[in-house]
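Here's my_file-v3.cif, which has mmCIF, N, CA and C atoms:
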data_run
loop_
_atom_site.label_atom_id
_atom_site.label_comp_id
_atom_site.auth_asym_id
_atom_site.auth_seq_id
_atom_site.Cartn_x
_atom_site.Cartn_y
_atom_site.Cartn_z
N MET A 1 105.81 94.30 109.75
CA MET A 1 106.72 94.06 108.65
C MET A 1 107.64 95.25 108.50
N THR A 2 108.93 94.97 108.28
CA THR A 2 109.93 96.02 108.15
C THR A 2 110.78 95.75 106.91
N VAL A 3 110.98 96.78 106.10
CA VAL A 3 111.86 96.67 104.94
C VAL A 3 113.23 97.22 105.35
N VAL A 4 114.26 96.42 105.11
CA VAL A 4 115.62 96.79 105.51
C VAL A 4 116.58 96.51 104.36
N PRO A 5 117.74 97.16 104.36
CA PRO A 5 118.75 96.79 103.37
C PRO A 5 119.13 95.32 103.52
N PHE A 6 119.35 94.66 102.40
CA PHE A 6 119.70 93.24 102.39
C PHE A 6 121.06 93.01 103.02
N GLU A 7 121.12 92.00 103.84
CA GLU A 7 122.37 91.49 104.40
C GLU A 7 122.49 90.04 103.96
N PRO A 8 123.68 89.58 103.55
CA PRO A 8 123.82 88.18 103.12
C PRO A 8 123.29 87.18 104.13
N GLU A 9 123.39 87.51 105.42
CA GLU A 9 122.90 86.61 106.47
C GLU A 9 121.39 86.42 106.39
N HIS A 10 120.67 87.40 105.84
CA HIS A 10 119.22 87.26 105.69
C HIS A 10 118.89 86.05 104.83
N LEU A 11 119.59 85.91 103.71
CA LEU A 11 119.35 84.78 102.82
C LEU A 11 119.74 83.47 103.51
N ALA A 12 120.84 83.50 104.23
CA ALA A 12 121.31 82.30 104.93
C ALA A 12 120.34 81.86 106.02
N ASP A 13 119.68 82.83 106.67
CA ASP A 13 118.77 82.53 107.78
C ASP A 13 117.37 82.12 107.35
N MET A 14 117.04 82.31 106.09
CA MET A 14 115.68 82.03 105.62
C MET A 14 115.40 80.55 105.46
N THR A 15 114.14 80.21 105.68
CA THR A 15 113.62 78.93 105.21
C THR A 15 113.04 79.25 103.84
N ILE A 16 113.50 78.58 102.81
CA ILE A 16 113.10 78.88 101.44
C ILE A 16 111.89 78.04 101.07
N GLN A 17 110.90 78.68 100.45
CA GLN A 17 109.71 77.94 100.01
C GLN A 17 110.06 76.92 98.94
N LEU A 18 109.24 75.90 98.84
CA LEU A 18 109.41 74.92 97.77
C LEU A 18 109.26 75.64 96.44
N GLY A 19 109.91 75.14 95.43
CA GLY A 19 109.83 75.78 94.13
C GLY A 19 111.06 76.61 93.81
N GLN A 20 111.98 76.73 94.76
CA GLN A 20 113.21 77.47 94.53
C GLN A 20 114.43 76.60 94.83
N PRO A 21 114.55 75.46 94.14
CA PRO A 21 115.67 74.55 94.43
C PRO A 21 117.03 75.14 94.10
N GLU A 22 117.08 76.16 93.27
CA GLU A 22 118.37 76.79 92.97
C GLU A 22 118.96 77.46 94.21
N LEU A 23 118.14 77.65 95.25
CA LEU A 23 118.63 78.22 96.50
C LEU A 23 118.98 77.15 97.52
N ASP A 24 119.01 75.91 97.08
CA ASP A 24 119.47 74.81 97.93
C ASP A 24 120.98 74.73 97.76
N CYS A 25 121.67 75.69 98.38
CA CYS A 25 123.10 75.85 98.20
C CYS A 25 123.65 76.54 99.45
N ASP A 26 124.88 76.96 99.38
CA ASP A 26 125.45 77.78 100.45
C ASP A 26 124.86 79.17 100.29
N ARG A 27 123.75 79.42 101.02
CA ARG A 27 123.03 80.68 100.82
C ARG A 27 123.79 81.89 101.35
N LEU A 28 124.68 81.71 102.31
CA LEU A 28 125.49 82.84 102.75
C LEU A 28 126.42 83.28 101.62
N ALA A 29 127.08 82.33 100.99
CA ALA A 29 127.95 82.66 99.85
C ALA A 29 127.14 83.29 98.71
N ARG A 30 125.96 82.74 98.45
CA ARG A 30 125.10 83.31 97.40
C ARG A 30 124.68 84.73 97.77
N GLY A 31 124.34 84.94 99.04
CA GLY A 31 123.96 86.28 99.51
C GLY A 31 125.09 87.28 99.37
N ILE A 32 126.30 86.86 99.68
CA ILE A 32 127.46 87.73 99.54
C ILE A 32 127.63 88.11 98.07
N ALA A 33 127.52 87.14 97.18
CA ALA A 33 127.66 87.42 95.74
C ALA A 33 126.56 88.36 95.25
N LEU A 34 125.32 88.13 95.67
CA LEU A 34 124.21 88.97 95.23
C LEU A 34 124.34 90.39 95.75
N SER A 35 124.75 90.55 96.99
CA SER A 35 124.86 91.89 97.56
C SER A 35 126.00 92.68 96.91
N ALA A 36 126.97 91.99 96.35
CA ALA A 36 128.10 92.66 95.72
C ALA A 36 127.81 93.11 94.29
N THR A 37 126.73 92.62 93.71
CA THR A 37 126.51 92.88 92.28
C THR A 37 125.22 93.64 91.98
N GLY A 38 124.58 94.18 92.99
CA GLY A 38 123.36 94.91 92.70
C GLY A 38 122.69 95.43 93.95
N ARG A 39 121.55 96.05 93.74
CA ARG A 39 120.76 96.61 94.83
C ARG A 39 119.79 95.55 95.33
N CYS A 40 119.68 95.44 96.67
CA CYS A 40 118.86 94.39 97.26
C CYS A 40 118.17 94.91 98.52
N PHE A 41 117.09 94.23 98.92
CA PHE A 41 116.41 94.56 100.17
C PHE A 41 115.80 93.29 100.76
N SER A 42 115.45 93.37 102.03
CA SER A 42 114.82 92.26 102.73
C SER A 42 113.56 92.76 103.43
N VAL A 43 112.63 91.85 103.63
CA VAL A 43 111.42 92.15 104.39
C VAL A 43 111.42 91.22 105.60
N LEU A 44 111.40 91.84 106.78
CA LEU A 44 111.42 91.10 108.03
C LEU A 44 110.05 91.16 108.69
N PRO A 45 109.67 90.12 109.41
CA PRO A 45 108.39 90.18 110.13
C PRO A 45 108.48 91.24 111.23
N GLY A 46 107.37 91.88 111.53
CA GLY A 46 107.36 92.92 112.54
C GLY A 46 107.77 92.42 113.91
N SER A 47 107.56 91.15 114.18
CA SER A 47 107.88 90.58 115.49
C SER A 47 109.31 90.07 115.59
N GLY A 48 110.11 90.31 114.56
CA GLY A 48 111.46 89.78 114.53
C GLY A 48 111.45 88.36 113.98
N GLY A 49 112.59 87.79 113.80
CA GLY A 49 112.67 86.44 113.26
C GLY A 49 113.25 86.43 111.86
N ALA A 50 113.18 85.28 111.24
CA ALA A 50 113.79 85.08 109.92
C ALA A 50 113.07 85.91 108.86
N PRO A 51 113.79 86.37 107.85
CA PRO A 51 113.18 87.17 106.79
C PRO A 51 112.05 86.43 106.07
N LEU A 52 111.08 87.22 105.61
CA LEU A 52 109.99 86.70 104.79
C LEU A 52 110.34 86.75 103.31
N PHE A 53 111.20 87.69 102.95
CA PHE A 53 111.53 87.93 101.55
C PHE A 53 112.90 88.58 101.47
N CYS A 54 113.66 88.19 100.48
CA CYS A 54 114.89 88.87 100.09
C CYS A 54 114.83 89.00 98.58
N GLY A 55 115.24 90.12 98.06
CA GLY A 55 115.21 90.28 96.61
C GLY A 55 116.00 91.49 96.18
N GLY A 56 116.16 91.59 94.88
CA GLY A 56 116.90 92.73 94.35
C GLY A 56 117.12 92.60 92.87
N ALA A 57 118.04 93.41 92.39
CA ALA A 57 118.38 93.44 90.98
C ALA A 57 119.86 93.14 90.83
N LEU A 58 120.14 92.14 90.07
CA LEU A 58 121.51 91.75 89.75
C LEU A 58 121.91 92.51 88.49
N GLU A 59 122.81 93.47 88.62
CA GLU A 59 123.20 94.26 87.46
C GLU A 59 124.13 93.45 86.56
N CYS A 60 123.68 93.26 85.34
CA CYS A 60 124.47 92.53 84.34
C CYS A 60 125.42 93.48 83.62
N HIS A 61 124.94 94.68 83.33
CA HIS A 61 125.76 95.78 82.83
C HIS A 61 124.96 97.06 83.04
N ALA A 62 125.49 98.19 82.64
CA ALA A 62 124.88 99.49 82.97
C ALA A 62 123.44 99.63 82.48
N ARG A 63 123.05 98.92 81.44
CA ARG A 63 121.71 99.07 80.88
C ARG A 63 120.78 97.91 81.23
N TYR A 64 121.30 96.86 81.87
CA TYR A 64 120.53 95.63 82.05
C TYR A 64 120.67 95.06 83.45
N ALA A 65 119.52 94.76 84.07
CA ALA A 65 119.51 94.12 85.39
C ALA A 65 118.47 93.00 85.37
N SER A 66 118.74 91.97 86.15
CA SER A 66 117.82 90.84 86.27
C SER A 66 117.38 90.73 87.72
N LEU A 67 116.07 90.65 87.93
CA LEU A 67 115.54 90.54 89.29
C LEU A 67 115.76 89.16 89.86
N TRP A 68 115.95 89.09 91.15
CA TRP A 68 116.00 87.82 91.87
C TRP A 68 115.16 87.97 93.13
N ALA A 69 114.66 86.88 93.62
CA ALA A 69 113.84 86.91 94.83
C ALA A 69 113.89 85.56 95.54
N ALA A 70 113.80 85.62 96.85
CA ALA A 70 113.69 84.42 97.68
C ALA A 70 112.55 84.66 98.66
N PHE A 71 111.65 83.70 98.76
CA PHE A 71 110.48 83.81 99.61
C PHE A 71 110.50 82.75 100.70
N SER A 72 110.06 83.14 101.87
CA SER A 72 109.82 82.20 102.95
C SER A 72 108.44 81.59 102.76
N PRO A 73 108.23 80.36 103.22
CA PRO A 73 106.87 79.80 103.19
C PRO A 73 105.88 80.62 104.02
N ASP A 74 106.39 81.46 104.92
CA ASP A 74 105.54 82.28 105.79
C ASP A 74 105.23 83.65 105.20
N ALA A 75 105.64 83.90 103.96
CA ALA A 75 105.48 85.23 103.36
C ALA A 75 104.04 85.55 102.95
N GLY A 76 103.18 84.55 102.86
CA GLY A 76 101.82 84.74 102.36
C GLY A 76 101.07 85.96 102.88
N PRO A 77 100.95 86.13 104.20
CA PRO A 77 100.21 87.28 104.72
C PRO A 77 100.84 88.64 104.36
N ALA A 78 102.11 88.64 104.01
CA ALA A 78 102.80 89.89 103.68
C ALA A 78 102.93 90.12 102.18
N MET A 79 102.31 89.26 101.35
CA MET A 79 102.54 89.35 99.90
C MET A 79 102.10 90.68 99.29
N LEU A 80 101.01 91.25 99.74
CA LEU A 80 100.59 92.54 99.19
C LEU A 80 101.66 93.59 99.46
N ALA A 81 102.16 93.66 100.67
CA ALA A 81 103.19 94.63 101.01
C ALA A 81 104.50 94.34 100.27
N ILE A 82 104.86 93.07 100.15
CA ILE A 82 106.08 92.70 99.41
C ILE A 82 105.94 93.10 97.95
N THR A 83 104.79 92.85 97.37
CA THR A 83 104.56 93.21 95.97
C THR A 83 104.64 94.72 95.78
N ARG A 84 104.00 95.47 96.65
CA ARG A 84 104.05 96.94 96.54
C ARG A 84 105.46 97.45 96.68
N ARG A 85 106.21 96.91 97.63
CA ARG A 85 107.61 97.35 97.83
C ARG A 85 108.46 97.00 96.62
N THR A 86 108.23 95.84 96.05
CA THR A 86 109.02 95.43 94.88
C THR A 86 108.65 96.28 93.66
N ARG A 87 107.38 96.61 93.50
CA ARG A 87 106.98 97.52 92.41
C ARG A 87 107.68 98.87 92.55
N HIS A 88 107.70 99.37 93.77
CA HIS A 88 108.40 100.64 94.01
C HIS A 88 109.88 100.50 93.69
N PHE A 89 110.48 99.41 94.13
CA PHE A 89 111.88 99.14 93.85
C PHE A 89 112.14 99.18 92.34
N LEU A 90 111.26 98.58 91.56
CA LEU A 90 111.40 98.58 90.10
C LEU A 90 111.46 100.00 89.54
N THR A 91 110.67 100.91 90.10
CA THR A 91 110.66 102.28 89.59
C THR A 91 111.95 103.02 89.88
N THR A 92 112.75 102.53 90.81
CA THR A 92 114.01 103.20 91.15
C THR A 92 115.17 102.74 90.27
N LEU A 93 114.97 101.69 89.52
CA LEU A 93 116.04 101.17 88.67
C LEU A 93 116.14 102.03 87.41
N LYS A 94 117.35 102.29 86.98
CA LYS A 94 117.59 103.14 85.82
C LYS A 94 117.96 102.34 84.56
N HIS A 95 117.88 101.05 84.64
CA HIS A 95 118.27 100.20 83.52
C HIS A 95 117.21 100.25 82.41
N THR A 96 117.66 100.10 81.17
CA THR A 96 116.71 100.07 80.06
C THR A 96 116.07 98.70 79.92
N ARG A 97 116.71 97.68 80.45
CA ARG A 97 116.14 96.34 80.44
C ARG A 97 116.19 95.78 81.86
N VAL A 98 115.02 95.35 82.34
CA VAL A 98 114.92 94.66 83.63
C VAL A 98 114.08 93.42 83.38
N ASP A 99 114.63 92.26 83.73
CA ASP A 99 113.88 91.03 83.52
C ASP A 99 113.93 90.15 84.76
N ALA A 100 113.20 89.05 84.66
CA ALA A 100 113.20 88.03 85.71
C ALA A 100 113.06 86.68 85.03
N VAL A 101 113.80 85.70 85.50
CA VAL A 101 113.74 84.34 84.97
C VAL A 101 112.99 83.48 85.99
N VAL A 102 111.92 82.82 85.52
CA VAL A 102 111.03 82.07 86.41
C VAL A 102 110.94 80.62 85.94
N ARG A 103 111.00 79.69 86.87
CA ARG A 103 110.78 78.28 86.52
C ARG A 103 109.41 78.15 85.86
N SER A 104 109.34 77.42 84.77
CA SER A 104 108.08 77.33 84.03
C SER A 104 106.97 76.68 84.85
N ASP A 105 107.32 75.83 85.81
CA ASP A 105 106.30 75.14 86.60
C ASP A 105 106.05 75.77 87.98
N PHE A 106 106.57 76.96 88.22
CA PHE A 106 106.48 77.62 89.52
C PHE A 106 105.38 78.69 89.47
N ARG A 107 104.14 78.25 89.68
CA ARG A 107 102.97 79.12 89.52
C ARG A 107 103.02 80.37 90.39
N ALA A 108 103.43 80.22 91.63
CA ALA A 108 103.46 81.37 92.54
C ALA A 108 104.40 82.46 92.01
N ALA A 109 105.52 82.06 91.45
CA ALA A 109 106.46 83.05 90.91
C ALA A 109 105.88 83.75 89.68
N HIS A 110 105.15 83.00 88.86
CA HIS A 110 104.49 83.63 87.70
C HIS A 110 103.47 84.66 88.16
N ARG A 111 102.70 84.34 89.19
CA ARG A 111 101.73 85.30 89.73
C ARG A 111 102.44 86.55 90.23
N PHE A 112 103.56 86.36 90.93
CA PHE A 112 104.29 87.49 91.50
C PHE A 112 104.79 88.43 90.40
N VAL A 113 105.45 87.90 89.38
CA VAL A 113 105.97 88.79 88.34
C VAL A 113 104.85 89.45 87.54
N HIS A 114 103.72 88.76 87.36
CA HIS A 114 102.56 89.39 86.72
C HIS A 114 102.08 90.57 87.56
N ARG A 115 102.03 90.39 88.86
CA ARG A 115 101.58 91.47 89.76
C ARG A 115 102.55 92.64 89.76
N LEU A 116 103.79 92.37 89.39
CA LEU A 116 104.78 93.46 89.26
C LEU A 116 104.61 94.21 87.94
N GLY A 117 103.75 93.71 87.07
CA GLY A 117 103.54 94.35 85.78
C GLY A 117 104.48 93.85 84.70
N MET A 118 105.12 92.73 84.94
CA MET A 118 106.05 92.17 83.95
C MET A 118 105.28 91.31 82.96
N VAL A 119 105.82 91.21 81.75
CA VAL A 119 105.18 90.42 80.69
C VAL A 119 106.15 89.34 80.20
N ALA A 120 105.58 88.18 79.87
CA ALA A 120 106.40 87.06 79.38
C ALA A 120 107.02 87.45 78.04
N GLU A 121 108.29 87.15 77.92
CA GLU A 121 109.03 87.52 76.71
C GLU A 121 109.53 86.29 75.94
N ALA A 122 109.96 85.27 76.66
CA ALA A 122 110.53 84.10 75.99
C ALA A 122 110.50 82.89 76.92
N ARG A 123 110.53 81.72 76.31
CA ARG A 123 110.65 80.47 77.06
C ARG A 123 112.02 79.88 76.73
N LEU A 124 112.71 79.44 77.78
CA LEU A 124 114.03 78.84 77.61
C LEU A 124 113.94 77.37 77.99
N ASN A 125 114.04 76.50 77.02
CA ASN A 125 113.97 75.07 77.28
C ASN A 125 115.27 74.58 77.90
N ASP A 126 115.14 73.64 78.83
CA ASP A 126 116.29 73.00 79.46
C ASP A 126 117.24 74.02 80.11
N TYR A 127 116.69 75.03 80.73
CA TYR A 127 117.46 76.14 81.29
C TYR A 127 118.14 75.77 82.61
N PHE A 128 117.40 75.09 83.49
CA PHE A 128 117.91 74.80 84.83
C PHE A 128 118.73 73.52 84.85
N GLU A 129 119.56 73.40 85.86
CA GLU A 129 120.46 72.26 86.01
C GLU A 129 119.72 70.93 85.95
N ASN A 130 118.49 70.90 86.48
CA ASN A 130 117.72 69.65 86.49
C ASN A 130 116.96 69.42 85.17
N GLY A 131 117.20 70.28 84.18
CA GLY A 131 116.53 70.14 82.89
C GLY A 131 115.24 70.92 82.78
N GLY A 132 114.85 71.60 83.84
CA GLY A 132 113.60 72.37 83.83
C GLY A 132 113.66 73.57 82.91
N ASP A 133 112.48 73.94 82.42
CA ASP A 133 112.36 75.10 81.53
C ASP A 133 112.15 76.37 82.34
N ALA A 134 112.40 77.50 81.71
CA ALA A 134 112.22 78.80 82.34
C ALA A 134 111.43 79.72 81.41
N VAL A 135 110.81 80.71 82.00
CA VAL A 135 110.16 81.77 81.25
C VAL A 135 110.84 83.08 81.65
N VAL A 136 111.21 83.88 80.65
CA VAL A 136 111.81 85.19 80.89
C VAL A 136 110.70 86.23 80.84
N TYR A 137 110.61 87.02 81.89
CA TYR A 137 109.66 88.13 81.96
C TYR A 137 110.44 89.43 81.88
N ARG A 138 109.84 90.41 81.23
CA ARG A 138 110.48 91.72 81.10
C ARG A 138 109.58 92.79 81.71
N ALA A 139 110.21 93.73 82.40
CA ALA A 139 109.44 94.85 82.96
C ALA A 139 108.81 95.62 81.82
N ALA A 140 107.52 95.91 81.95
CA ALA A 140 106.79 96.60 80.90
C ALA A 140 106.91 98.11 81.00
N ILE A 141 107.73 98.58 81.91
CA ILE A 141 107.91 100.01 82.10
C ILE A 141 108.88 100.52 81.05
N ASN A 142 108.55 101.64 80.42
CA ASN A 142 109.45 102.26 79.45
C ASN A 142 110.57 102.95 80.21
N ARG A 143 111.77 102.55 79.95
CA ARG A 143 112.93 103.11 80.65
C ARG A 143 113.84 103.80 79.66
N THR A 144 114.45 104.90 80.10
CA THR A 144 115.35 105.65 79.24
C THR A 144 116.81 105.36 79.55
N GLY A 145 117.08 104.83 80.74
CA GLY A 145 118.45 104.56 81.13
C GLY A 145 119.19 105.81 81.58
N LYS A 146 118.48 106.92 81.72
CA LYS A 146 119.12 108.19 82.13
C LYS A 146 118.68 108.58 83.51
#

Rendering of file as structure tokens:
Amino acid sequence: MTVVPFEPEHLADMTIQLGQPELDCDRLARGIALSATGRCFSVLPGSGGAPLFCGGALECHARYASLWAAFSPDAGPAMLAITRRTRHFLTTLKHTRVDAVVRSDFRAAHRFVHRLGMVAEARLNDYFENGGDAVVYRAAINRTGK
């Protein structure tokens, strides 16, 4: 497994796991937009091939960032390493607010953000285009923004 800077092509080349229908789009265009608005990284399998994970922080403004992530169905064996790398990534952010929005019915995503040390903050009804609800998680780390 290798951690590399995110390239928009990584998102375009991924097979996305079920549970992330919002990524059923032009993923190259989405990757370009994400890379332009925040810090991102990818996790590649050691043997080469399509990325197992792409993620980062979408900066909303100087004090606030929202995490995003895309997982391959093949990411399972690398989840411990992905989680550790993402936890480390969180410690490098200088924002006073860091959150993540998770589909309310996406259990794997809830487990992931819990493992990152995030806590549920709010439920947003009818948040997604298909009418699905979301849960907002906030990083439990005390940040000064300095």

In Å, with one decimal, what is the gap from CA of Gly19 in chain A to CA of Ala81 in chain A?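 Going from CA of Gly19 in chain A over to CA of Ala81 in chain A covers 21.1 Å.
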
Hey, can you check how far CA of Val3 in chain A sits from CA of Arg85 in chain A?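 Value for the CA of Val3 in chain A-CA of Arg85 in chain A distance: 8.3 Å.
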
Could you check the closest approach to His10 in chain A for each of A:Val43, A:Met79, A:Ala139, A:Ala33 and tell me which residue wins, using only C-alpha atoms?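 Closest candidate: A:Val43.
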
Between atom C of Pro21 in chain A and atom N of Gly46 in chain A - distance in Å to one decimal: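 Distance reported for this atom pair: 26.0 Å.
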
Please run DSSP on the backbone and report, as a PyMOL selection string, all residues within chain A that come out as alpha helix (DSSP H). chain A and resi 8-13+27-36+79-92+107-115

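Taking only C-alpha atoms into account, the residues near (106.2, 92.9, 92.3), no farther than 6 Å, are Thr83, Thr86, Arg87, Phe112, Val113, Arg115 and Leu116 of chain A.
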
Can you report as lines of an AutoDock Vina configuration file the centre and edge lengths in Å, to one decimal, of an axis-aligned box around the listed atoms of range 97-103 of chain A padded with 4 Å on each side?
center_x = 113.1
center_y = 87.9
center_z = 83.7
size_x = 15.3
size_y = 27.5
size_z = 14.4

Expected selection from the PyMOL selection byres ((chain A and resi 61-71) around 5), given as JSON, numbers by chain: {"A": [16, 17, 52, 53, 54, 55, 56, 57, 58, 59, 60, 72, 73, 95, 96, 97, 98, 99, 100]}

Run DSSP on the backbone and tell me which residues of range 9-113 of chain A come out as strand (DSSP E); list them as a PyMOL selection string. chain A and resi 38-44+53-61+64-71+97-103

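The closest residue to Tyr137 in chain A, picked from A:Asn125, A:Asp105, A:His110, A:Ile82 and counting only C-alpha atoms, is A:His110.
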
When distances are computed from all atoms listed in the file, which of A:Val136, A:Met118, A:Val4, A:Met14 shows the smallest separation from Pro51 in chain A? A:Met14

Please return as JSON, numbers by chain every residue within 8 Å of (103.3, 84.4, 95.9), taking into account only C-alpha atoms and the file's own coordinates. {"A": [75, 76, 79, 108, 109, 111, 112]}

Written selection (N, CA and C atoms) as a PDB file, in the coordinates of the input:
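Output contents, as saved in result.pdb:
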ATOM      1  N   ALA A  75     105.640  83.900 103.960  1.00  0.00           N
ATOM      2  CA  ALA A  75     105.480  85.230 103.360  1.00  0.00           C
ATOM      3  C   ALA A  75     104.040  85.550 102.950  1.00  0.00           C
ATOM      4  N   GLY A  76     103.180  84.550 102.860  1.00  0.00           N
ATOM      5  CA  GLY A  76     101.820  84.740 102.360  1.00  0.00           C
ATOM      6  C   GLY A  76     101.070  85.960 102.880  1.00  0.00           C
ATOM      7  N   MET A  79     102.310  89.260 101.350  1.00  0.00           N
ATOM      8  CA  MET A  79     102.540  89.350  99.900  1.00  0.00           C
ATOM      9  C   MET A  79     102.100  90.680  99.290  1.00  0.00           C
ATOM     10  N   ALA A 108     103.430  80.220  91.630  1.00  0.00           N
ATOM     11  CA  ALA A 108     103.460  81.370  92.540  1.00  0.00           C
ATOM     12  C   ALA A 108     104.400  82.460  92.010  1.00  0.00           C
ATOM     13  N   ALA A 109     105.520  82.060  91.450  1.00  0.00           N
ATOM     14  CA  ALA A 109     106.460  83.050  90.910  1.00  0.00           C
ATOM     15  C   ALA A 109     105.880  83.750  89.680  1.00  0.00           C
ATOM     16  N   ARG A 111     102.700  84.340  89.190  1.00  0.00           N
ATOM     17  CA  ARG A 111     101.730  85.300  89.730  1.00  0.00           C
ATOM     18  C   ARG A 111     102.440  86.550  90.230  1.00  0.00           C
ATOM     19  N   PHE A 112     103.560  86.360  90.930  1.00  0.00           N
ATOM     20  CA  PHE A 112     104.290  87.490  91.500  1.00  0.00           C
ATOM     21  C   PHE A 112     104.790  88.430  90.400  1.00  0.00           C
TER      22      PHE A 112
END

Name every residue that the PyMOL selection byres (((chain A and resi 27 and name CA) around 10) and name CA) selects in this structure, writing the answer as a compact mmCIF listing (two decimals) with N, CA and C atoms, in the coordinates of the input with chains first and numbers rising.
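Written out: part28.txt:
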# COMPACT_ATOMS: atom_id res chain seq x y z
N PRO A 8 123.68 89.58 103.55
CA PRO A 8 123.82 88.18 103.12
C PRO A 8 123.29 87.18 104.13
N GLU A 9 123.39 87.51 105.42
CA GLU A 9 122.90 86.61 106.47
C GLU A 9 121.39 86.42 106.39
N HIS A 10 120.67 87.40 105.84
CA HIS A 10 119.22 87.26 105.69
C HIS A 10 118.89 86.05 104.83
N LEU A 11 119.59 85.91 103.71
CA LEU A 11 119.35 84.78 102.82
C LEU A 11 119.74 83.47 103.51
N ALA A 12 120.84 83.50 104.23
CA ALA A 12 121.31 82.30 104.93
C ALA A 12 120.34 81.86 106.02
N ASP A 13 119.68 82.83 106.67
CA ASP A 13 118.77 82.53 107.78
C ASP A 13 117.37 82.12 107.35
N MET A 14 117.04 82.31 106.09
CA MET A 14 115.68 82.03 105.62
C MET A 14 115.40 80.55 105.46
N GLU A 22 117.08 76.16 93.27
CA GLU A 22 118.37 76.79 92.97
C GLU A 22 118.96 77.46 94.21
N LEU A 23 118.14 77.65 95.25
CA LEU A 23 118.63 78.22 96.50
C LEU A 23 118.98 77.15 97.52
N ASP A 24 119.01 75.91 97.08
CA ASP A 24 119.47 74.81 97.93
C ASP A 24 120.98 74.73 97.76
N CYS A 25 121.67 75.69 98.38
CA CYS A 25 123.10 75.85 98.20
C CYS A 25 123.65 76.54 99.45
N ASP A 26 124.88 76.96 99.38
CA ASP A 26 125.45 77.78 100.45
C ASP A 26 124.86 79.17 100.29
N LEU A 28 124.68 81.71 102.31
CA LEU A 28 125.49 82.84 102.75
C LEU A 28 126.42 83.28 101.62
N ALA A 29 127.08 82.33 100.99
CA ALA A 29 127.95 82.66 99.85
C ALA A 29 127.14 83.29 98.71
N ARG A 30 125.96 82.74 98.45
CA ARG A 30 125.10 83.31 97.40
C ARG A 30 124.68 84.73 97.77
N GLY A 31 124.34 84.94 99.04
CA GLY A 31 123.96 86.28 99.51
C GLY A 31 125.09 87.28 99.37
N ILE A 32 126.30 86.86 99.68
CA ILE A 32 127.46 87.73 99.54
C ILE A 32 127.63 88.11 98.07
N ALA A 33 127.52 87.14 97.18
CA ALA A 33 127.66 87.42 95.74
C ALA A 33 126.56 88.36 95.25

Given only C-alpha atoms as the basis, pick out the residue of A:Asp74, A:Tyr127, A:His88, A:Met1 nearest to Gly48 in chain A.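 Ranking A:Asp74, A:Tyr127, A:His88, A:Met1 by distance to Gly48 in chain A, first place goes to A:Met1.
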
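Closest approach to Arg103 in chain A among A:Ala122, A:Leu90, A:Leu80, A:Asp133: A:Asp133, based on all atoms listed in the file.
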